[in-house]
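Enquirer: See entry25.txt below, with compact mmCIF, C-alpha atoms.
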```txt
# COMPACT_ATOMS: atom_id res chain seq x y z
CA MET A 1 -100.54 25.85 -109.81
CA ALA A 2 -103.10 23.07 -109.96
CA PRO A 3 -101.81 19.52 -109.49
CA ARG A 4 -100.96 17.74 -112.73
CA LYS A 5 -103.41 14.98 -113.53
CA ARG A 6 -101.83 11.55 -113.41
CA PRO A 7 -102.95 9.19 -116.19
CA GLU A 8 -105.37 6.72 -114.63
CA THR A 9 -103.86 3.62 -116.18
CA GLN A 10 -104.72 0.13 -115.06
CA LYS A 11 -102.42 -1.71 -112.73
CA THR A 12 -102.64 -4.88 -110.72
CA PRO A 13 -104.45 -4.63 -107.39
CA GLU A 14 -101.31 -5.61 -105.54
CA VAL A 15 -100.93 -3.55 -102.38
CA VAL A 16 -97.56 -1.87 -101.95
CA LEU A 17 -96.61 -1.30 -98.32
CA ARG A 18 -93.49 0.61 -97.41
CA ALA A 19 -91.97 1.22 -94.05
CA LYS A 20 -91.21 4.85 -93.31
CA SER A 21 -87.62 5.90 -93.94
CA LYS A 22 -85.75 7.04 -90.83
CA ARG A 23 -84.24 9.94 -92.74
CA ASN A 24 -86.64 12.55 -91.43
CA ARG A 25 -85.97 16.13 -90.73
CA SER A 26 -87.49 17.29 -87.49
CA PRO A 27 -90.00 20.14 -87.28
CA ARG A 28 -87.26 22.34 -85.83
CA GLU A 29 -85.07 21.67 -88.90
CA LEU A 30 -87.95 22.62 -91.19
CA GLU A 31 -88.73 25.81 -89.30
CA PRO A 32 -86.49 28.12 -91.38
CA GLU A 33 -88.34 27.02 -94.55
CA ALA A 34 -91.68 28.29 -93.37
CA LYS A 35 -93.37 31.18 -91.68
CA LYS A 36 -93.60 31.46 -87.94
CA LEU A 37 -96.93 30.97 -86.25
CA CYS A 38 -99.13 34.07 -86.50
CA LEU A 39 -101.99 34.16 -84.03
CA LYS A 40 -104.68 36.79 -83.71
CA GLY A 41 -107.00 37.00 -80.78
CA PRO A 42 -110.71 36.58 -81.43
CA GLY A 43 -112.46 39.74 -82.47
CA SER A 44 -116.09 40.73 -82.60
CA SER A 45 -116.41 39.16 -86.05
CA ARG A 46 -115.19 35.82 -84.68
CA ARG A 47 -112.84 35.58 -87.66
CA PHE A 48 -109.33 34.21 -87.23
CA ASP A 49 -106.17 34.31 -89.28
CA SER A 50 -104.73 30.91 -90.09
CA GLY A 51 -102.04 32.20 -92.42
CA CYS A 52 -99.04 30.39 -91.02
CA LEU A 53 -96.90 27.49 -92.08
CA TRP A 54 -95.15 25.91 -89.16
CA ALA A 55 -96.79 25.95 -85.77
CA GLY A 56 -94.22 25.03 -83.17
CA LEU A 57 -95.87 24.55 -79.82
CA ALA A 58 -93.30 26.79 -78.18
CA SER A 59 -94.94 29.67 -80.05
CA LEU A 60 -98.29 29.29 -78.33
CA GLN A 61 -99.20 32.39 -76.39
CA VAL A 62 -101.50 30.67 -73.90
CA PRO A 63 -99.68 28.35 -71.48
CA PRO A 64 -101.29 25.04 -70.50
CA PRO A 65 -103.35 25.25 -67.32
CA PHE A 66 -101.22 22.59 -65.62
CA SER A 67 -97.54 21.79 -65.87
CA SER A 68 -98.28 18.08 -66.32
CA ILE A 69 -101.24 15.85 -67.02
CA ILE A 70 -100.58 13.97 -63.76
CA ARG A 71 -101.04 17.20 -61.81
CA ALA A 72 -104.20 17.97 -63.79
CA LEU A 73 -105.69 14.58 -62.91
CA HIS A 74 -104.65 14.99 -59.27
CA HIS A 75 -106.30 18.41 -59.01
CA TYR A 76 -109.47 17.08 -60.62
CA LYS A 77 -109.60 14.14 -58.19
CA LEU A 78 -109.21 16.53 -55.25
CA GLY A 79 -112.00 18.74 -56.57
CA LYS A 80 -109.62 21.64 -57.21
CA ALA A 81 -110.14 21.63 -60.97
CA SER A 82 -113.26 21.51 -63.12
CA TRP A 83 -113.88 19.02 -65.89
CA PRO A 84 -113.28 21.68 -68.61
CA SER A 85 -109.91 22.49 -67.03
CA LEU A 86 -108.99 18.81 -67.03
CA GLN A 87 -110.05 18.50 -70.67
CA GLN A 88 -107.92 21.51 -71.56
CA GLY A 89 -104.94 19.95 -69.82
CA LEU A 90 -105.44 16.69 -71.70
CA GLN A 91 -105.74 18.56 -74.98
CA GLN A 92 -102.53 20.52 -74.36
CA SER A 93 -100.74 17.27 -73.56
CA PHE A 94 -101.94 15.77 -76.85
CA LEU A 95 -100.86 18.87 -78.80
CA HIS A 96 -97.36 18.59 -77.35
CA SER A 97 -97.24 14.94 -78.43
CA LEU A 98 -97.77 15.94 -82.09
CA ALA A 99 -94.11 17.00 -82.25
CA SER A 100 -93.19 13.30 -82.21
CA TYR A 101 -95.69 12.22 -84.90
CA ARG A 102 -94.18 10.65 -88.02
CA ILE A 103 -95.43 8.62 -90.99
CA PHE A 104 -94.62 5.01 -90.14
CA GLN A 105 -96.76 3.16 -92.72
CA LYS A 106 -97.63 3.83 -96.35
CA ALA A 107 -99.80 2.03 -98.88
CA ALA A 108 -100.37 2.64 -102.59
CA PRO A 109 -102.92 -0.01 -103.59
CA PHE A 110 -105.01 1.80 -106.19
CA ASP A 111 -104.67 2.74 -109.86
CA ARG A 112 -106.81 5.83 -109.22
CA ARG A 113 -106.77 8.32 -106.36
CA ALA A 114 -108.25 7.47 -102.97
CA THR A 115 -111.60 9.18 -102.37
CA SER A 116 -112.90 8.04 -98.96
CA LEU A 117 -111.77 6.45 -95.73
CA ALA A 118 -113.34 5.02 -92.57
CA TRP A 119 -111.83 3.79 -89.32
CA HIS A 120 -113.03 0.53 -87.80
CA PRO A 121 -115.40 1.37 -84.90
CA THR A 122 -113.71 -0.95 -82.37
CA HIS A 123 -110.25 -1.87 -83.71
CA PRO A 124 -107.85 1.14 -83.68
CA SER A 125 -105.47 -0.23 -86.34
CA ILE A 126 -108.01 -1.23 -89.02
CA LEU A 127 -108.84 1.18 -91.81
CA ALA A 128 -111.06 0.94 -94.89
CA VAL A 129 -110.28 3.10 -97.94
CA GLY A 130 -112.17 3.53 -101.22
CA SER A 131 -110.89 4.77 -104.57
CA LYS A 132 -112.08 6.64 -107.65
CA GLY A 133 -112.18 3.32 -109.52
CA GLY A 134 -114.48 1.69 -106.96
CA ASP A 135 -111.70 -0.36 -105.33
CA ILE A 136 -111.87 -0.87 -101.56
CA MET A 137 -109.04 -1.90 -99.25
CA LEU A 138 -109.38 -3.17 -95.68
CA TRP A 139 -106.01 -2.61 -94.05
CA ASN A 140 -104.87 -3.77 -90.62
CA PHE A 141 -101.57 -1.91 -90.51
CA GLY A 142 -100.77 -3.35 -87.07
CA ILE A 143 -99.94 -6.74 -88.60
CA LYS A 144 -97.94 -7.84 -91.64
CA ASP A 145 -100.75 -9.81 -93.30
CA LYS A 146 -101.74 -8.72 -96.80
CA PRO A 147 -104.68 -6.28 -96.77
CA THR A 148 -108.07 -7.34 -98.11
CA PHE A 149 -108.69 -5.86 -101.56
CA ILE A 150 -112.00 -5.62 -103.43
CA LYS A 151 -111.68 -4.69 -107.10
CA GLY A 152 -114.03 -2.00 -108.40
CA ILE A 153 -115.52 -1.43 -111.83
CA GLY A 154 -112.95 1.19 -112.81
CA ALA A 155 -114.05 4.43 -114.46
CA GLY A 156 -117.37 5.61 -113.06
CA GLY A 157 -117.19 3.55 -109.87
CA SER A 158 -115.82 6.18 -107.47
CA ILE A 159 -116.54 5.44 -103.79
CA THR A 160 -118.01 8.69 -102.44
CA GLY A 161 -119.00 7.48 -98.95
CA LEU A 162 -117.78 4.65 -96.75
CA LYS A 163 -119.04 3.51 -93.32
CA PHE A 164 -118.55 0.32 -91.32
CA ASN A 165 -121.77 -1.41 -90.31
CA PRO A 166 -121.88 -0.85 -86.51
CA LEU A 167 -124.05 -3.98 -86.09
CA ASN A 168 -121.58 -6.20 -87.98
CA THR A 169 -118.11 -4.81 -88.56
CA ASN A 170 -117.38 -7.43 -91.23
CA GLN A 171 -119.72 -5.37 -93.40
CA PHE A 172 -119.70 -1.81 -94.70
CA PHE A 173 -121.96 0.70 -96.42
CA THR A 174 -120.89 2.52 -99.58
CA SER A 175 -122.27 5.24 -101.80
CA SER A 176 -120.79 5.49 -105.28
CA MET A 177 -120.86 7.08 -108.70
CA GLU A 178 -121.99 3.68 -109.97
CA GLY A 179 -125.44 4.90 -108.89
CA THR A 180 -125.98 2.84 -105.74
CA THR A 181 -125.87 3.01 -101.96
CA ARG A 182 -125.38 -0.52 -100.70
CA LEU A 183 -124.28 -2.84 -97.90
CA GLN A 184 -121.33 -5.10 -98.73
CA ASP A 185 -119.01 -7.55 -97.03
CA PHE A 186 -115.25 -7.83 -97.43
CA LYS A 187 -115.59 -10.88 -99.62
CA GLY A 188 -116.97 -8.59 -102.28
CA ASN A 189 -120.61 -9.63 -101.90
CA THR A 190 -123.46 -7.11 -102.08
CA LEU A 191 -125.80 -7.88 -99.19
CA ARG A 192 -128.44 -5.21 -99.81
CA VAL A 193 -128.95 -2.32 -102.22
CA PHE A 194 -130.53 0.56 -100.31
CA ALA A 195 -130.81 2.99 -103.21
CA SER A 196 -130.24 2.72 -106.93
CA SER A 197 -130.64 5.48 -109.49
CA GLY A 198 -130.92 3.16 -112.47
CA THR A 199 -129.17 5.73 -114.68
CA CYS A 200 -125.61 6.88 -115.24
CA ASN A 201 -126.70 10.52 -114.93
CA ILE A 202 -127.59 10.26 -111.23
CA TRP A 203 -125.23 8.95 -108.57
CA PHE A 204 -124.88 9.01 -104.80
CA CYS A 205 -122.37 11.34 -103.20
CA SER A 206 -122.69 10.79 -99.44
CA LEU A 207 -124.12 8.56 -96.71
CA ASP A 208 -124.45 8.16 -92.95
CA VAL A 209 -125.86 5.47 -90.66
CA SER A 210 -127.55 5.50 -87.24
CA VAL A 211 -127.78 2.28 -85.24
CA LYS A 212 -129.98 3.82 -82.56
CA SER A 213 -132.61 4.97 -85.03
CA ARG A 214 -131.75 2.11 -87.41
CA VAL A 215 -131.68 4.34 -90.47
CA VAL A 216 -129.47 4.99 -93.49
CA VAL A 217 -129.41 8.42 -95.15
CA THR A 218 -127.87 9.11 -98.55
CA GLY A 219 -127.68 12.12 -100.89
CA ASP A 220 -127.30 12.29 -104.68
CA ASN A 221 -125.85 14.63 -107.30
CA VAL A 222 -129.14 16.39 -108.13
CA GLY A 223 -130.10 17.42 -104.59
CA HIS A 224 -132.19 14.48 -103.36
CA VAL A 225 -131.80 12.98 -99.88
CA ILE A 226 -133.21 9.51 -99.19
CA LEU A 227 -133.95 8.11 -95.73
CA LEU A 228 -134.28 4.33 -95.34
CA ASN A 229 -134.46 1.91 -92.44
CA LEU A 230 -131.85 -0.82 -92.07
CA ASP A 231 -134.22 -3.31 -93.68
CA GLY A 232 -134.01 -1.29 -96.88
CA LYS A 233 -137.49 0.26 -96.72
CA GLU A 234 -137.57 3.81 -98.09
CA LEU A 235 -139.07 6.25 -95.58
CA TRP A 236 -138.86 9.33 -97.79
CA ASN A 237 -137.09 10.67 -100.85
CA LEU A 238 -137.05 14.46 -101.13
CA ARG A 239 -135.18 17.08 -103.11
CA MET A 240 -133.68 19.05 -100.23
CA HIS A 241 -131.12 21.05 -102.23
CA LYS A 242 -130.96 22.65 -105.66
CA LYS A 243 -127.69 20.92 -106.54
CA LYS A 244 -125.43 18.03 -105.51
CA VAL A 245 -125.60 16.92 -101.87
CA THR A 246 -121.91 16.57 -101.05
CA HIS A 247 -122.32 15.44 -97.45
CA VAL A 248 -124.92 14.12 -95.00
CA ALA A 249 -124.27 13.73 -91.27
CA LEU A 250 -126.42 12.54 -88.36
CA ASN A 251 -125.78 14.08 -84.95
CA PRO A 252 -123.98 11.47 -82.77
CA CYS A 253 -125.97 12.45 -79.67
CA CYS A 254 -129.37 13.29 -81.22
CA ASP A 255 -129.47 11.09 -84.29
CA TRP A 256 -132.80 12.52 -85.44
CA PHE A 257 -130.79 15.69 -86.16
CA LEU A 258 -129.46 15.75 -89.75
CA ALA A 259 -127.07 18.15 -91.50
CA THR A 260 -126.84 18.25 -95.31
CA ALA A 261 -124.21 20.15 -97.33
CA SER A 262 -124.44 21.06 -100.98
CA VAL A 263 -122.73 22.80 -103.87
CA ASP A 264 -125.74 25.15 -103.86
CA GLN A 265 -123.75 27.04 -101.17
CA THR A 266 -125.94 26.03 -98.24
CA VAL A 267 -125.85 23.72 -95.26
CA LYS A 268 -129.27 22.76 -93.91
CA ILE A 269 -130.23 21.28 -90.56
CA TRP A 270 -133.28 19.00 -90.32
CA ASP A 271 -135.32 17.23 -87.66
CA LEU A 272 -135.98 13.78 -89.15
CA ARG A 273 -139.16 13.51 -87.08
CA GLN A 274 -140.65 16.57 -88.77
CA VAL A 275 -139.46 16.39 -92.38
CA LYS A 276 -142.43 16.95 -94.68
CA GLY A 277 -140.86 18.62 -97.68
CA LYS A 278 -137.94 20.63 -99.00
CA SER A 279 -138.94 23.68 -96.93
CA SER A 280 -139.23 21.87 -93.59
CA PHE A 281 -135.60 22.44 -92.55
CA LEU A 282 -134.89 23.92 -89.13
CA TYR A 283 -132.03 26.14 -90.31
CA SER A 284 -130.43 27.07 -93.60
CA LEU A 285 -126.82 28.23 -93.27
CA PRO A 286 -125.70 30.15 -96.38
CA HIS A 287 -122.05 30.02 -97.47
CA ARG A 288 -120.03 32.11 -99.92
CA HIS A 289 -118.97 29.06 -101.92
CA PRO A 290 -120.06 25.46 -102.53
CA VAL A 291 -119.64 23.26 -99.45
CA ASN A 292 -117.67 20.00 -99.32
CA ALA A 293 -118.66 18.77 -95.86
CA ALA A 294 -120.67 19.39 -92.69
CA LEU A 295 -119.73 17.35 -89.61
CA PHE A 296 -121.12 17.40 -86.09
CA SER A 297 -118.57 17.35 -83.27
CA PRO A 298 -118.33 14.12 -81.22
CA ASP A 299 -120.45 15.68 -78.45
CA GLY A 300 -122.99 16.95 -80.99
CA ALA A 301 -122.67 20.54 -79.78
CA GLN A 302 -120.92 22.03 -82.82
CA LEU A 303 -121.08 21.79 -86.59
CA LEU A 304 -117.95 22.03 -88.74
CA THR A 305 -118.26 23.00 -92.41
CA THR A 306 -115.66 23.10 -95.19
CA ASP A 307 -116.29 25.10 -98.34
CA GLN A 308 -114.57 24.62 -101.71
CA LYS A 309 -112.25 27.59 -101.47
CA SER A 310 -110.87 29.19 -98.32
CA GLU A 311 -113.18 29.03 -95.34
CA ILE A 312 -113.86 26.66 -92.45
CA ARG A 313 -116.82 27.44 -90.20
CA VAL A 314 -117.80 26.30 -86.71
CA TYR A 315 -121.45 26.69 -85.72
CA SER A 316 -122.72 26.32 -82.16
CA ALA A 317 -125.71 24.15 -81.26
CA SER A 318 -127.04 26.78 -78.89
CA GLN A 319 -127.56 29.25 -81.77
CA TRP A 320 -127.25 27.57 -85.15
CA ASP A 321 -128.30 30.66 -87.07
CA CYS A 322 -125.90 33.07 -85.33
CA PRO A 323 -122.64 34.14 -87.02
CA PRO A 324 -120.19 31.25 -86.84
CA SER A 325 -116.50 31.18 -86.05
CA LEU A 326 -114.74 31.70 -89.39
CA ILE A 327 -111.30 30.22 -90.02
CA PRO A 328 -109.64 31.41 -93.26
CA HIS A 329 -107.81 28.43 -94.73
CA PRO A 330 -106.63 27.58 -98.29
CA HIS A 331 -108.20 24.35 -99.60
CA ARG A 332 -109.65 25.30 -102.99
CA HIS A 333 -111.46 22.84 -105.21
CA PHE A 334 -109.74 21.18 -108.16
CA GLN A 335 -111.40 18.68 -110.49
CA HIS A 336 -108.75 15.99 -110.24
CA LEU A 337 -108.18 16.32 -106.49
CA THR A 338 -110.22 14.51 -103.84
CA PRO A 339 -112.20 17.32 -102.14
CA ILE A 340 -110.59 18.53 -98.91
CA LYS A 341 -112.76 18.00 -95.83
CA ALA A 342 -112.00 19.17 -92.30
CA THR A 343 -112.70 16.66 -89.50
CA TRP A 344 -112.93 16.66 -85.71
CA HIS A 345 -110.54 14.93 -83.37
CA PRO A 346 -112.64 12.25 -81.60
CA ARG A 347 -111.58 13.23 -78.05
CA TYR A 348 -110.56 16.88 -78.09
CA ASN A 349 -112.03 20.09 -79.47
CA LEU A 350 -109.58 20.14 -82.36
CA ILE A 351 -110.07 20.46 -86.11
CA VAL A 352 -107.82 18.65 -88.61
CA VAL A 353 -107.58 19.69 -92.28
CA GLY A 354 -105.16 19.49 -95.21
CA ARG A 355 -103.71 22.68 -96.71
CA TYR A 356 -103.67 23.42 -100.44
CA PRO A 357 -101.55 26.61 -100.73
CA ASP A 358 -103.24 29.28 -102.84
CA PRO A 359 -101.22 32.20 -104.28
CA ASN A 360 -104.38 34.33 -104.09
CA PHE A 361 -104.83 33.64 -100.36
CA LYS A 362 -103.98 36.79 -98.43
CA SER A 363 -101.33 35.23 -96.20
CA CYS A 364 -99.75 32.91 -98.77
CA THR A 365 -95.94 32.84 -98.73
CA PRO A 366 -93.43 31.61 -101.32
CA HIS A 367 -92.79 27.87 -101.16
CA GLU A 368 -95.64 27.35 -98.70
CA LEU A 369 -95.78 23.77 -97.45
CA ARG A 370 -98.73 21.40 -97.97
CA THR A 371 -99.25 20.68 -94.31
CA ILE A 372 -101.94 19.08 -92.18
CA ASP A 373 -103.26 21.89 -90.01
CA VAL A 374 -104.65 21.49 -86.49
CA PHE A 375 -106.94 24.22 -85.13
CA ASP A 376 -108.53 24.77 -81.75
CA GLY A 377 -112.28 24.32 -82.24
CA SER A 378 -113.17 26.97 -79.67
CA SER A 379 -110.78 29.80 -80.52
CA GLY A 380 -110.05 29.02 -84.19
CA LYS A 381 -106.32 29.37 -83.52
CA MET A 382 -103.75 27.33 -85.38
CA MET A 383 -102.24 24.92 -82.86
CA TYR A 384 -99.91 22.75 -84.92
CA GLN A 385 -98.95 21.67 -88.45
CA LEU A 386 -97.82 18.21 -89.48
CA TYR A 387 -95.47 17.85 -92.43
CA ASP A 388 -93.25 15.15 -93.89
CA PRO A 389 -90.75 16.20 -96.60
CA GLU A 390 -90.92 12.75 -98.20
CA SER A 391 -94.71 12.95 -98.54
CA SER A 392 -95.27 16.54 -99.56
CA GLY A 393 -98.46 16.22 -101.60
CA ILE A 394 -101.91 17.59 -100.74
CA MET A 395 -103.54 15.67 -97.88
CA SER A 396 -107.18 15.77 -98.96
CA LEU A 397 -108.61 13.57 -96.20
CA ASN A 398 -107.28 13.38 -92.65
CA GLU A 399 -108.99 11.50 -89.85
CA PHE A 400 -107.96 10.22 -86.41
CA ASN A 401 -109.02 6.77 -85.21
CA LEU A 402 -111.49 6.54 -82.33
CA MET A 403 -108.65 6.30 -79.81
CA GLY A 404 -107.39 9.63 -81.14
CA ASP A 405 -103.75 8.52 -81.27
CA THR A 406 -103.32 7.54 -84.94
CA LEU A 407 -104.01 9.69 -88.00
CA ALA A 408 -104.85 8.38 -91.48
CA SER A 409 -104.28 10.66 -94.47
CA VAL A 410 -105.17 10.39 -98.15
CA MET A 411 -102.64 11.94 -100.55
CA GLY A 412 -103.55 11.23 -104.16
CA TYR A 413 -102.95 7.51 -104.72
CA HIS A 414 -101.35 7.08 -101.31
CA ILE A 415 -102.63 6.24 -97.83
CA LEU A 416 -100.44 7.42 -94.96
CA ILE A 417 -100.52 6.44 -91.29
CA TRP A 418 -99.18 8.95 -88.76
CA SER A 419 -98.36 8.06 -85.16
CA GLN A 420 -95.90 8.96 -82.43
CA GLU A 421 -92.40 7.95 -83.38
CA GLU A 422 -92.02 5.63 -80.39
CA ALA A 423 -95.36 3.93 -81.10
CA GLY A 424 -94.46 3.54 -84.76
CA MET A 425 -91.17 1.83 -83.91
CA ARG A 426 -93.00 -0.75 -81.79
CA LYS A 427 -95.50 -1.75 -84.48
```
Let me see the structure of the file written as structure tokens.
Expert:
Amino acid sequence: MAPRKRPETQKTPEVVLRAKSKRNRSPRELEPEAKKLCLKGPGSSRRFDSGCLWAGLASLQVPPPFSSIIRALHHYKLGKASWPSLQQGLQQSFLHSLASYRIFQKAAPFDRRATSLAWHPTHPSILAVGSKGGDIMLWNFGIKDKPTFIKGIGAGGSITGLKFNPLNTNQFFTSSMEGTTRLQDFKGNTLRVFASSGTCNIWFCSLDVSVKSRVVVTGDNVGHVILLNLDGKELWNLRMHKKKVTHVALNPCCDWFLATASVDQTVKIWDLRQVKGKSSFLYSLPHRHPVNAALFSPDGAQLLTTDQKSEIRVYSASQWDCPPSLIPHPHRHFQHLTPIKATWHPRYNLIVVGRYPDPNFKSCTPHELRTIDVFDGSSGKMMYQLYDPESSGIMSLNEFNLMGDTLASVMGYHILIWSQEEAGMRK
């Protein structure tokens, strides 16, 4: 059943912060309510079954390569283990730590649902979140000070993209349904307008920024992608897709490499140094359904895409146009739900995505939980599922901070911060 739309009534911009209740049921107590982990080995089609509800780490079929992370580090120092083996040991250690993750902070500052989030690039406890009404909150959940709140225009002001300015982290870039892509500060001032449609019929849906190349890229709802330098000069404006450009992403290692995703059911890869027109893409990756997002992995070697129905894909940089790893996963599109987008963990080859149970999904079970699912980026196997019975809504956006130890989630009007129970008690 689709979520019931909540009336978007006005309310004061007062931020409501609530400490997490200690009355939590553990994952082991929740286990009888959900299916056991079902893992299938990779086949020739590179398609994997993610139809499971509670992934206890004890169910994993592949044991960690080392019994402890200390031993893994010791073997690596002695030259007895390769760097990939060490990375695998670190990843397994992190996966085991997820059993102790709990929600320890909540905020409900908006009168409309949250639509975007961005972690501060240097401070691991600072988060910026935008809403459907154009409101923006800067929240340092590590201290008790009141968050910074910028009031939006209300209806029609939805923040569709949000990025801190890497050159000055007191500033941030936004794209919005107001019809602009701009640079702002947290006093509410607009410092520069990079793109403006000048009409209510065209708005901007996505943005990304590269400090190395000193460029801003933004996409709109009719298929155009605009490239500008940081001084605001437009370098080109081309219609790269037939329909809305839902996501643009620059490769973190080769920032002249651009991926664009669209509701025209394609993801395209471009070389910014060779763009001459709409047909000058390097690769076009067709999908079965409209695409919500396309994200490069932190090392730039993989591309993660999320469609609007039931499929997550992982493409390899060595062969972009070869069949990708396919991960069946329920996350269908709904008009009044912030689109679900899978993201990468910043340090490990792990994929994080919210689950929207679908009765038409082949492995759906009665009373399936709305979990946050963690997949291995190499094998496509489900590794773990996070769930809190007191926050059981659909987690549309889920992203770890750059340290990789704290997870921010967007659930309707709410912003949730997950961390290890011990760490949460100290903050």
Enquirer: Would you pick out the contacts of Leu402 (chain A) at 7 Å or less, using only C-alpha atoms, so that residues sharing its chain but fewer than 3 positions from it are not included, and give the list as number ranges by chain?
Expert: A: 121, 124, 346
Enquirer: Report the centre and edge lengths, in Å to one decimal, of an axis-aligned box enclosing every atom of region 139-143 of chain A listed in the file, padded by 5 Å on each side, as JSON.
Expert:
```
{"center_x": -103.0, "center_y": -4.3, "center_z": -90.6, "size_x": 16.1, "size_y": 14.8, "size_z": 17.0}
```
Enquirer: Find, counting all atoms listed in the file, the residue in A:Gln105, A:Gln274, A:Ser131, A:Thr371 that gets nearest to Leu117 (chain A).
Expert: A:Ser131
Enquirer: Which residues are close to Tyr315 (chain A), i.e. within 7 Å by all atoms listed in the file, leaving aside same-chain residues fewer than 2 positions away? Reply as a ChimeraX atom specification.
Expert: /A:302-304,313,317,320,324-325
Enquirer: Residues proximal to (-97.9, 7.8, -94.1) were defined as those with any atom within 12 Å of that point in the file's coordinates, counting only C-alpha atoms. Which are they, as an MDAnalysis selection string?
Expert: chainID A and resid 17:21 101:108 141 386:393 395 398 406:411 413:420 424
